[in-house]
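Peer 1: Just one file: model-v5.json, with JSON, C-alpha atoms and all ligand atoms.
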```json
[["chain", "number", "residue", "atom", "x", "y", "z"],
["A", 1, "MET", "CA", -12.79, -3.62, 14.75],
["A", 2, "LYS", "CA", -9.10, -4.42, 14.29],
["A", 3, "THR", "CA", -7.18, -2.58, 16.97],
["A", 4, "TRP", "CA", -3.85, -2.21, 15.24],
["A", 5, "THR", "CA", -1.25, -0.17, 17.08],
["A", 6, "MET", "CA", 2.23, 0.99, 16.12],
["A", 7, "GLU", "CA", 5.16, 2.41, 17.95],
["A", 8, "SER", "CA", 8.50, 4.17, 17.44],
["A", 9, "ASP", "CA", 10.98, 5.68, 19.93],
["A", 10, "LEU", "CA", 9.02, 8.95, 19.75],
["A", 11, "CYS", "CA", 5.36, 8.04, 19.43],
["A", 12, "GLN", "CA", 2.62, 5.46, 19.71],
["A", 13, "MET", "CA", -0.31, 5.20, 17.33],
["A", 14, "ARG", "CA", -3.69, 3.58, 18.00],
["A", 15, "PRO", "CA", -7.12, 3.84, 16.35],
["A", 16, "LEU", "CA", -8.83, 7.15, 17.00],
["A", 17, "ASP", "CA", -11.58, 6.86, 19.63],
["A", 18, "THR", "CA", -13.90, 8.95, 21.81],
["A", 19, "ARG", "CA", -11.06, 9.71, 24.30],
["A", 20, "ASP", "CA", -9.62, 11.93, 21.59],
["A", 21, "ILE", "CA", -12.65, 14.21, 21.17],
["A", 22, "GLY", "CA", -11.48, 16.70, 23.84],
["A", 23, "PRO", "CA", -7.85, 17.01, 22.64],
["A", 24, "ILE", "CA", -8.91, 17.18, 18.98],
["A", 25, "THR", "CA", -11.30, 20.05, 19.81],
["A", 26, "GLN", "CA", -8.46, 21.84, 21.64],
["A", 27, "LEU", "CA", -5.79, 21.38, 18.96],
["A", 28, "ALA", "CA", -7.52, 21.12, 15.58],
["A", 29, "GLY", "CA", -9.22, 24.51, 15.91],
["A", 30, "ALA", "CA", -5.96, 26.47, 15.57],
["A", 31, "ALA", "CA", -5.77, 28.76, 12.55],
["A", 32, "GLU", "CA", -2.41, 27.19, 11.63],
["A", 33, "ILE", "CA", -4.09, 23.80, 11.12],
["A", 34, "ALA", "CA", -6.90, 25.28, 9.02],
["A", 35, "ALA", "CA", -4.36, 27.18, 6.87],
["A", 36, "ASN", "CA", -2.94, 23.94, 5.48],
["A", 37, "THR", "CA", -5.83, 21.47, 5.63],
["A", 38, "PHE", "CA", -9.58, 21.28, 5.12],
["A", 39, "VAL", "CA", -10.16, 21.18, 8.90],
["A", 40, "PRO", "CA", -12.93, 23.75, 9.53],
["A", 41, "HIS", "CA", -12.17, 27.08, 11.19],
["A", 42, "PRO", "CA", -13.64, 28.25, 13.50],
["A", 43, "TYR", "CA", -13.94, 24.67, 14.71],
["A", 44, "PRO", "CA", -17.61, 23.70, 15.39],
["A", 45, "HIS", "CA", -18.22, 22.27, 18.87],
["A", 46, "ASP", "CA", -19.43, 18.89, 17.56],
["A", 47, "ALA", "CA", -16.85, 18.55, 14.74],
["A", 48, "ALA", "CA", -14.46, 16.36, 16.74],
["A", 49, "SER", "CA", -17.13, 13.81, 17.71],
["A", 50, "GLU", "CA", -18.39, 13.73, 14.10],
["A", 51, "PHE", "CA", -14.80, 13.23, 12.88],
["A", 52, "VAL", "CA", -14.15, 10.35, 15.31],
["A", 53, "LYS", "CA", -17.46, 8.71, 14.32],
["A", 54, "LEU", "CA", -16.65, 9.04, 10.60],
["A", 55, "CYS", "CA", -13.14, 7.62, 11.13],
["A", 56, "GLN", "CA", -14.56, 4.64, 13.06],
["A", 57, "GLU", "CA", -17.09, 3.93, 10.29],
["A", 58, "ARG", "CA", -14.41, 4.14, 7.60],
["A", 59, "TRP", "CA", -12.16, 1.86, 9.66],
["A", 60, "ILE", "CA", -14.90, -0.78, 10.05],
["A", 61, "HIS", "CA", -15.57, -0.70, 6.30],
["A", 62, "ASP", "CA", -11.84, -0.88, 5.48],
["A", 63, "GLU", "CA", -12.01, 2.45, 3.61],
["A", 64, "ALA", "CA", -9.49, 4.36, 5.74],
["A", 65, "TYR", "CA", -7.54, 3.81, 8.94],
["A", 66, "THR", "CA", -7.05, 6.91, 11.09],
["A", 67, "PHE", "CA", -4.73, 6.80, 14.09],
["A", 68, "ALA", "CA", -4.19, 9.04, 17.11],
["A", 69, "ILE", "CA", -0.52, 10.08, 17.38],
["A", 70, "LEU", "CA", 0.56, 9.93, 21.03],
["A", 71, "HIS", "CA", 3.83, 11.46, 22.20],
["A", 72, "LYS", "CA", 5.96, 9.26, 24.43],
["A", 73, "PRO", "CA", 6.55, 9.11, 27.37],
["A", 74, "ASN", "CA", 3.26, 10.63, 28.64],
["A", 75, "ARG", "CA", 1.13, 9.49, 25.72],
["A", 76, "ASP", "CA", -0.18, 12.99, 25.16],
["A", 77, "PHE", "CA", -2.50, 13.17, 22.17],
["A", 78, "THR", "CA", -0.73, 15.32, 19.55],
["A", 79, "GLY", "CA", -2.58, 14.83, 16.24],
["A", 80, "THR", "CA", -3.89, 12.32, 13.73],
["A", 81, "ILE", "CA", -2.75, 10.48, 10.63],
["A", 82, "GLY", "CA", -5.06, 8.66, 8.24],
["A", 83, "ILE", "CA", -4.42, 6.28, 5.36],
["A", 84, "HIS", "CA", -7.24, 6.26, 2.80],
["A", 85, "LEU", "CA", -7.40, 3.19, 0.59],
["A", 86, "ASP", "CA", -8.00, 2.97, -3.14],
["A", 87, "GLN", "CA", -8.67, -0.77, -3.29],
["A", 88, "ALA", "CA", -9.03, -0.91, -7.09],
["A", 89, "HIS", "CA", -5.43, 0.21, -7.56],
["A", 90, "ASN", "CA", -3.95, -1.18, -4.32],
["A", 91, "CYS", "CA", -2.74, 2.26, -3.30],
["A", 92, "ALA", "CA", -3.53, 4.82, -0.61],
["A", 93, "PHE", "CA", -3.44, 8.53, 0.21],
["A", 94, "VAL", "CA", -2.13, 9.77, 3.56],
["A", 95, "GLY", "CA", -3.17, 12.92, 5.45],
["A", 96, "TYR", "CA", -1.97, 14.19, 8.85],
["A", 97, "TRP", "CA", -1.82, 17.10, 11.26],
["A", 98, "ILE", "CA", 0.03, 17.75, 14.51],
["A", 99, "GLY", "CA", -1.21, 20.24, 17.15],
["A", 100, "LYS", "CA", 0.88, 23.41, 17.23],
["A", 101, "PRO", "CA", 2.33, 22.92, 20.77],
["A", 102, "PHE", "CA", 3.94, 19.70, 19.48],
["A", 103, "TRP", "CA", 5.48, 20.98, 16.24],
["A", 104, "GLY", "CA", 9.17, 20.54, 15.52],
["A", 105, "ARG", "CA", 9.72, 17.37, 17.57],
["A", 106, "GLY", "CA", 9.74, 14.97, 14.65],
["A", 107, "LEU", "CA", 6.27, 13.59, 15.39],
["A", 108, "ALA", "CA", 4.78, 13.96, 11.89],
["A", 109, "THR", "CA", 7.85, 12.32, 10.38],
["A", 110, "ALA", "CA", 7.72, 9.44, 12.87],
["A", 111, "ALA", "CA", 4.00, 8.94, 12.26],
["A", 112, "LEU", "CA", 4.38, 9.02, 8.47],
["A", 113, "ARG", "CA", 7.23, 6.50, 8.60],
["A", 114, "LEU", "CA", 5.09, 4.18, 10.74],
["A", 115, "ILE", "CA", 2.08, 4.45, 8.44],
["A", 116, "ILE", "CA", 4.28, 3.70, 5.42],
["A", 117, "GLN", "CA", 5.57, 0.55, 7.17],
["A", 118, "PHE", "CA", 1.96, -0.36, 7.98],
["A", 119, "GLY", "CA", 0.82, 0.28, 4.38],
["A", 120, "PHE", "CA", 3.46, -1.92, 2.80],
["A", 121, "GLY", "CA", 3.49, -4.48, 5.61],
["A", 122, "ARG", "CA", 0.06, -5.16, 7.05],
["A", 123, "LEU", "CA", -1.92, -3.75, 4.09],
["A", 124, "GLN", "CA", 0.41, -5.05, 1.34],
["A", 125, "LEU", "CA", -0.11, -1.88, -0.73],
["A", 126, "ASN", "CA", 1.83, -1.09, -3.90],
["A", 127, "ARG", "CA", 1.85, 2.71, -3.63],
["A", 128, "ILE", "CA", 1.32, 5.38, -0.96],
["A", 129, "GLU", "CA", 0.91, 9.05, -1.85],
["A", 130, "ALA", "CA", 0.47, 12.38, -0.11],
["A", 131, "GLY", "CA", 0.10, 16.00, -1.15],
["A", 132, "HIS", "CA", 0.66, 19.41, 0.41],
["A", 133, "PHE", "CA", -0.19, 22.99, -0.54],
["A", 134, "SER", "CA", 2.86, 24.48, -2.25],
["A", 135, "ASP", "CA", 3.38, 27.04, 0.52],
["A", 136, "ASN", "CA", 3.40, 24.35, 3.25],
["A", 137, "LEU", "CA", 7.14, 23.64, 3.15],
["A", 138, "ALA", "CA", 7.19, 21.91, 6.54],
["A", 139, "SER", "CA", 4.83, 19.20, 5.29],
["A", 140, "GLY", "CA", 6.93, 18.74, 2.15],
["A", 141, "ARG", "CA", 9.96, 18.27, 4.38],
["A", 142, "VAL", "CA", 8.08, 15.61, 6.38],
["A", 143, "MET", "CA", 7.32, 13.69, 3.16],
["A", 144, "GLN", "CA", 10.96, 13.91, 2.05],
["A", 145, "LYS", "CA", 12.21, 12.67, 5.45],
["A", 146, "ALA", "CA", 9.85, 9.70, 5.13],
["A", 147, "ASN", "CA", 11.56, 8.83, 1.80],
["A", 148, "MET", "CA", 8.59, 9.76, -0.37],
["A", 149, "ARG", "CA", 9.55, 10.82, -3.89],
["A", 150, "PHE", "CA", 8.49, 14.13, -5.45],
["A", 151, "GLU", "CA", 6.10, 13.46, -8.32],
["A", 152, "GLY", "CA", 4.90, 16.86, -9.45],
["A", 153, "VAL", "CA", 2.58, 19.79, -8.89],
["A", 154, "ARG", "CA", -1.09, 19.95, -9.83],
["A", 155, "ARG", "CA", -1.58, 23.65, -10.35],
["A", 156, "GLN", "CA", -4.59, 25.26, -8.63],
["A", 157, "SER", "CA", -6.08, 21.82, -8.04],
["A", 158, "ALA", "CA", -7.46, 22.65, -4.58],
["A", 159, "LEU", "CA", -10.03, 25.30, -3.77],
["A", 160, "HIS", "CA", -9.11, 26.25, -0.21],
["A", 161, "ARG", "CA", -11.11, 28.96, 1.53],
["A", 162, "GLU", "CA", -11.90, 30.74, -1.72],
["A", 163, "HIS", "CA", -8.32, 30.54, -3.03],
["A", 164, "TYR", "CA", -7.02, 28.09, -5.62],
["A", 165, "LYS", "CA", -3.88, 26.38, -4.36],
["A", 166, "ASP", "CA", -1.16, 24.42, -6.13],
["A", 167, "VAL", "CA", -0.77, 20.94, -4.62],
["A", 168, "VAL", "CA", 2.64, 19.24, -4.52],
["A", 169, "TYR", "CA", 2.52, 15.45, -4.68],
["A", 170, "TYR", "CA", 4.88, 12.87, -3.23],
["A", 171, "ALA", "CA", 4.65, 9.08, -3.34],
["A", 172, "ILE", "CA", 6.54, 5.96, -2.37],
["A", 173, "LEU", "CA", 6.24, 2.63, -4.16],
["A", 174, "ARG", "CA", 6.59, -0.79, -2.61],
["A", 175, "ASP", "CA", 9.76, -1.27, -4.74],
["A", 176, "ASP", "CA", 11.21, 2.04, -3.42],
["A", 177, "HIS", "CA", 10.48, 0.97, 0.14],
["A", 178, "LEU", "CA", 12.13, -2.44, -0.27],
["A", 179, "ARG", "CA", 15.16, -0.79, -1.93],
["A", 180, "ASP", "CA", 15.40, 1.79, 0.90],
["A", 181, "GLN", "CA", 15.38, -0.96, 3.49],
["A", 182, "THR", "CA", 18.28, -2.81, 1.90],
["A", 183, "SER", "CA", 20.43, 0.25, 1.09],
["A", 201, "LIG", "C1", 3.32, 20.07, 8.78],
["A", 201, "LIG", "C2", 3.27, 19.42, 10.16],
["A", 201, "LIG", "C3", 2.46, 18.14, 10.07],
["A", 201, "LIG", "C4", 4.69, 19.10, 10.62],
["A", 201, "LIG", "O1", 4.62, 18.43, 11.86],
["A", 201, "LIG", "P1", 5.92, 18.28, 12.80],
["A", 201, "LIG", "O2", 5.64, 17.23, 13.79],
["A", 201, "LIG", "O3", 6.30, 19.61, 13.31],
["A", 201, "LIG", "O4", 6.99, 17.78, 11.72],
["A", 201, "LIG", "P2", 8.47, 17.22, 12.01],
["A", 201, "LIG", "O5", 8.95, 17.78, 13.29],
["A", 201, "LIG", "O6", 8.43, 15.74, 11.84],
["A", 201, "LIG", "O7", 9.28, 17.80, 10.76],
["A", 201, "LIG", "C5", 9.11, 19.14, 10.35],
["A", 201, "LIG", "C6", 10.24, 19.49, 9.39],
["A", 201, "LIG", "O8", 9.83, 20.66, 8.67],
["A", 201, "LIG", "C7", 10.84, 21.65, 8.82],
["A", 201, "LIG", "N1", 10.19, 22.94, 8.73],
["A", 201, "LIG", "C8", 9.41, 23.57, 9.62],
["A", 201, "LIG", "N2", 8.99, 24.74, 9.12],
["A", 201, "LIG", "C9", 9.51, 24.85, 7.88],
["A", 201, "LIG", "C10", 9.45, 25.83, 6.85],
["A", 201, "LIG", "N3", 8.74, 26.94, 7.01],
["A", 201, "LIG", "N4", 10.13, 25.61, 5.70],
["A", 201, "LIG", "C11", 10.84, 24.47, 5.51],
["A", 201, "LIG", "N5", 10.93, 23.49, 6.45],
["A", 201, "LIG", "C12", 10.28, 23.69, 7.62],
["A", 201, "LIG", "C13", 11.44, 21.36, 10.17],
["A", 201, "LIG", "O9", 12.70, 22.00, 10.31],
["A", 201, "LIG", "C14", 11.53, 19.84, 10.10],
["A", 201, "LIG", "O10", 12.58, 19.41, 9.24],
["A", 201, "LIG", "P3", 14.04, 19.00, 9.81],
["A", 201, "LIG", "O11", 13.84, 17.85, 10.74],
["A", 201, "LIG", "O12", 14.79, 18.65, 8.59],
["A", 201, "LIG", "O13", 14.58, 20.20, 10.53],
["A", 201, "LIG", "C15", 2.61, 20.37, 11.20],
["A", 201, "LIG", "O14", 3.27, 21.61, 11.14],
["A", 201, "LIG", "C16", 1.13, 20.58, 10.95],
["A", 201, "LIG", "O15", 0.32, 19.79, 11.39],
["A", 201, "LIG", "N6", 0.79, 21.66, 10.27],
["A", 201, "LIG", "C17", -0.61, 22.02, 10.02],
["A", 201, "LIG", "C18", -1.40, 20.94, 9.30],
["A", 201, "LIG", "C19", -0.66, 20.42, 8.10],
["A", 201, "LIG", "O16", 0.07, 21.14, 7.44],
["A", 201, "LIG", "N7", -0.89, 19.13, 7.81],
["A", 201, "LIG", "C20", -0.29, 18.52, 6.64],
["A", 201, "LIG", "C21", -1.10, 18.81, 5.46],
["A", 201, "LIG", "S1", -0.32, 18.20, 3.98]]
```
Let me see the structure of the file written as structure tokens.
Peer 2:
Amino acid sequence: MKTWTMESDLCQMRPLDTRDIGPITQLAGAAEIAANTFVPHPYPHDAASEFVKLCQERWIHDEAYTFAILHKPNRDFTGTIGIHLDQAHNCAFVGYWIGKPFWGRGLATAALRLIIQFGFGRLQLNRIEAGHFSDNLASGRVMQKANMRFEGVRRQSALHREHYKDVVYYAILRDDHLRDQTS
């Protein structure tokens, strides 16, 4: 397995592994995570180990790369970010969450910026997209701060805990990214 790692002033990212099962169980079970993702709630006791196993399998098969987001300087586990590949179209979809005690420190933004660099650099992608429920303004802000462009809203396109939700989509193209770097 390729053990790619990434780093910014704020965080380090490495492939998710069994060390993360405990912290994921602690953080991912919060109602605030479930409210904006498809992470189960209440969080089943074996869900974290199943999630790590699934991420490792997808990594080995080059389907998706999911990273642990560690907060410097103590390398506390704070959340995860995954980039899911659509090989046929040379693009990818990104999903992330940060544990509630670590919100508001810029970690999601730092992690998204790193994964965008990784997607256009190491993976040589042409397009990276992400989507958030329309009432999740914080996640929209994260996408904007990572220079993703608003693309539109797919109305009631997600069935989330028995409610249809509008999903707001953002994306960044390789051309956008190169332009951003030179401007
Ligand atoms: C959304 C989430 C990832 C943000 O993580 P984070 O590490 O706190 O994000 P950052 O600190 O990098 O940036 C958050 C930004 O949102 C802003 N924000 C927070 N709450 C907000 C709100 N209710 N409305 C608008 N903006 C808001 C913050 O002010 C900050 O922007 P700023 O730097 O311009 O002030 C985190 O809250 C989370 O994991 N939520 C639950 C799961 C989830 O939503 N995952 C994403 C699914 S698309």
Peer 1: Which protein, DNA or RNA residues have an atom at most 8 Å from (7.1, 4.9, 15.6), counting all atoms listed in the file? List them as a PDB file with C-alpha atoms, in the coordinates of the input.
Peer 2:
```pdb
ATOM      1  CA  MET A   6       2.230   0.990  16.120  1.00  0.00           C
ATOM      2  CA  GLU A   7       5.160   2.410  17.950  1.00  0.00           C
ATOM      3  CA  SER A   8       8.500   4.170  17.440  1.00  0.00           C
ATOM      4  CA  ASP A   9      10.980   5.680  19.930  1.00  0.00           C
ATOM      5  CA  LEU A  10       9.020   8.950  19.750  1.00  0.00           C
ATOM      6  CA  CYS A  11       5.360   8.040  19.430  1.00  0.00           C
ATOM      7  CA  GLN A  12       2.620   5.460  19.710  1.00  0.00           C
ATOM      8  CA  MET A  13      -0.310   5.200  17.330  1.00  0.00           C
ATOM      9  CA  ALA A 110       7.720   9.440  12.870  1.00  0.00           C
ATOM     10  CA  ALA A 111       4.000   8.940  12.260  1.00  0.00           C
ATOM     11  CA  ARG A 113       7.230   6.500   8.600  1.00  0.00           C
ATOM     12  CA  LEU A 114       5.090   4.180  10.740  1.00  0.00           C
TER      13      LEU A 114
END
```
Peer 1: Could you list, as an mmCIF file with C-alpha atoms, in the coordinates of the input, every residue within 12 Å of range 86-96 of chain A, counting only C-alpha atoms and ignoring same-chain residues fewer than 3 positions away?
Peer 2:
```cif
data_model
loop_
_atom_site.group_PDB
_atom_site.id
_atom_site.type_symbol
_atom_site.label_atom_id
_atom_site.label_comp_id
_atom_site.auth_asym_id
_atom_site.auth_seq_id
_atom_site.Cartn_x
_atom_site.Cartn_y
_atom_site.Cartn_z
ATOM 1 C CA ALA A 28 -7.520 21.120 15.580
ATOM 2 C CA ILE A 33 -4.090 23.800 11.120
ATOM 3 C CA ASN A 36 -2.940 23.940 5.480
ATOM 4 C CA THR A 37 -5.830 21.470 5.630
ATOM 5 C CA PHE A 38 -9.580 21.280 5.120
ATOM 6 C CA VAL A 39 -10.160 21.180 8.900
ATOM 7 C CA HIS A 61 -15.570 -0.700 6.300
ATOM 8 C CA ASP A 62 -11.840 -0.880 5.480
ATOM 9 C CA GLU A 63 -12.010 2.450 3.610
ATOM 10 C CA ALA A 64 -9.490 4.360 5.740
ATOM 11 C CA TYR A 65 -7.540 3.810 8.940
ATOM 12 C CA THR A 66 -7.050 6.910 11.090
ATOM 13 C CA PHE A 67 -4.730 6.800 14.090
ATOM 14 C CA ALA A 68 -4.190 9.040 17.110
ATOM 15 C CA ILE A 69 -0.520 10.080 17.380
ATOM 16 C CA THR A 78 -0.730 15.320 19.550
ATOM 17 C CA GLY A 79 -2.580 14.830 16.240
ATOM 18 C CA THR A 80 -3.890 12.320 13.730
ATOM 19 C CA ILE A 81 -2.750 10.480 10.630
ATOM 20 C CA GLY A 82 -5.060 8.660 8.240
ATOM 21 C CA ILE A 83 -4.420 6.280 5.360
ATOM 22 C CA GLY A 99 -1.210 20.240 17.150
ATOM 23 C CA LEU A 107 6.270 13.590 15.390
ATOM 24 C CA ALA A 108 4.780 13.960 11.890
ATOM 25 C CA THR A 109 7.850 12.320 10.380
ATOM 26 C CA ALA A 110 7.720 9.440 12.870
ATOM 27 C CA ALA A 111 4.000 8.940 12.260
ATOM 28 C CA LEU A 112 4.380 9.020 8.470
ATOM 29 C CA ARG A 113 7.230 6.500 8.600
ATOM 30 C CA LEU A 114 5.090 4.180 10.740
ATOM 31 C CA ILE A 115 2.080 4.450 8.440
ATOM 32 C CA ILE A 116 4.280 3.700 5.420
ATOM 33 C CA PHE A 118 1.960 -0.360 7.980
ATOM 34 C CA GLY A 119 0.820 0.280 4.380
ATOM 35 C CA PHE A 120 3.460 -1.920 2.800
ATOM 36 C CA LEU A 123 -1.920 -3.750 4.090
ATOM 37 C CA GLN A 124 0.410 -5.050 1.340
ATOM 38 C CA LEU A 125 -0.110 -1.880 -0.730
ATOM 39 C CA ASN A 126 1.830 -1.090 -3.900
ATOM 40 C CA ARG A 127 1.850 2.710 -3.630
ATOM 41 C CA ILE A 128 1.320 5.380 -0.960
ATOM 42 C CA GLU A 129 0.910 9.050 -1.850
ATOM 43 C CA ALA A 130 0.470 12.380 -0.110
ATOM 44 C CA GLY A 131 0.100 16.000 -1.150
ATOM 45 C CA HIS A 132 0.660 19.410 0.410
ATOM 46 C CA SER A 139 4.830 19.200 5.290
ATOM 47 C CA VAL A 142 8.080 15.610 6.380
ATOM 48 C CA MET A 143 7.320 13.690 3.160
ATOM 49 C CA MET A 148 8.590 9.760 -0.370
ATOM 50 C CA TYR A 169 2.520 15.450 -4.680
ATOM 51 C CA TYR A 170 4.880 12.870 -3.230
ATOM 52 C CA ALA A 171 4.650 9.080 -3.340
ATOM 53 C CA ILE A 172 6.540 5.960 -2.370
ATOM 54 C CA LEU A 173 6.240 2.630 -4.160
ATOM 55 C CA ARG A 174 6.590 -0.790 -2.610
#
```
Peer 1: Centre and edge lengths, as AutoDock Vina command-line options, for the axis-aligned box enclosing every listed atom of ligand LIG 201 (chain A) with 5 Å of padding on each of the six sides, in Å to one decimal?
Peer 2:
```
--center_x 6.7 --center_y 21.3 --center_z 8.9 --size_x 26.2 --size_y 21.2 --size_z 19.8
```
Peer 1: Any idea what the distance is between CA of Phe102 in chain A and atom N6 of ligand LIG 201 (chain A)?
Peer 2: 9.9 Å
Peer 1: Nearest to ligand LIG 201 (chain A): which of A:Pro73, A:Gly152, A:Gly106, A:Gly121 is it, counting only C-alpha atoms and all ligand atoms?
Peer 2: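 So, comparing all the options, the nearest one is A:Gly106.
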Peer 1: Restricting the calculation to only C-alpha atoms and all ligand atoms: of A:Ala31, A:Val153, A:Leu178, A:Ala158, which residue gets closest to ligand LIG 201 (chain A)?
Peer 2: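 Among the listed residues, A:Ala31 lies closest to ligand LIG 201 (chain A).
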Peer 1: Of the residues A:Arg105, A:Arg122, A:Arg75, A:Arg19, which is the one nearest to ligand LIG 201 (chain A), using all atoms listed in the file?
Peer 2: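 Of all the options, A:Arg105 lies closest to ligand LIG 201 (chain A).
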Peer 1: May I ask for the distance between atom C1 of ligand LIG 201 (chain A) and CA of Ile98 in chain A, given in Å to one decimal place?
Peer 2: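 Interatomic distance here is 7.0 Å.
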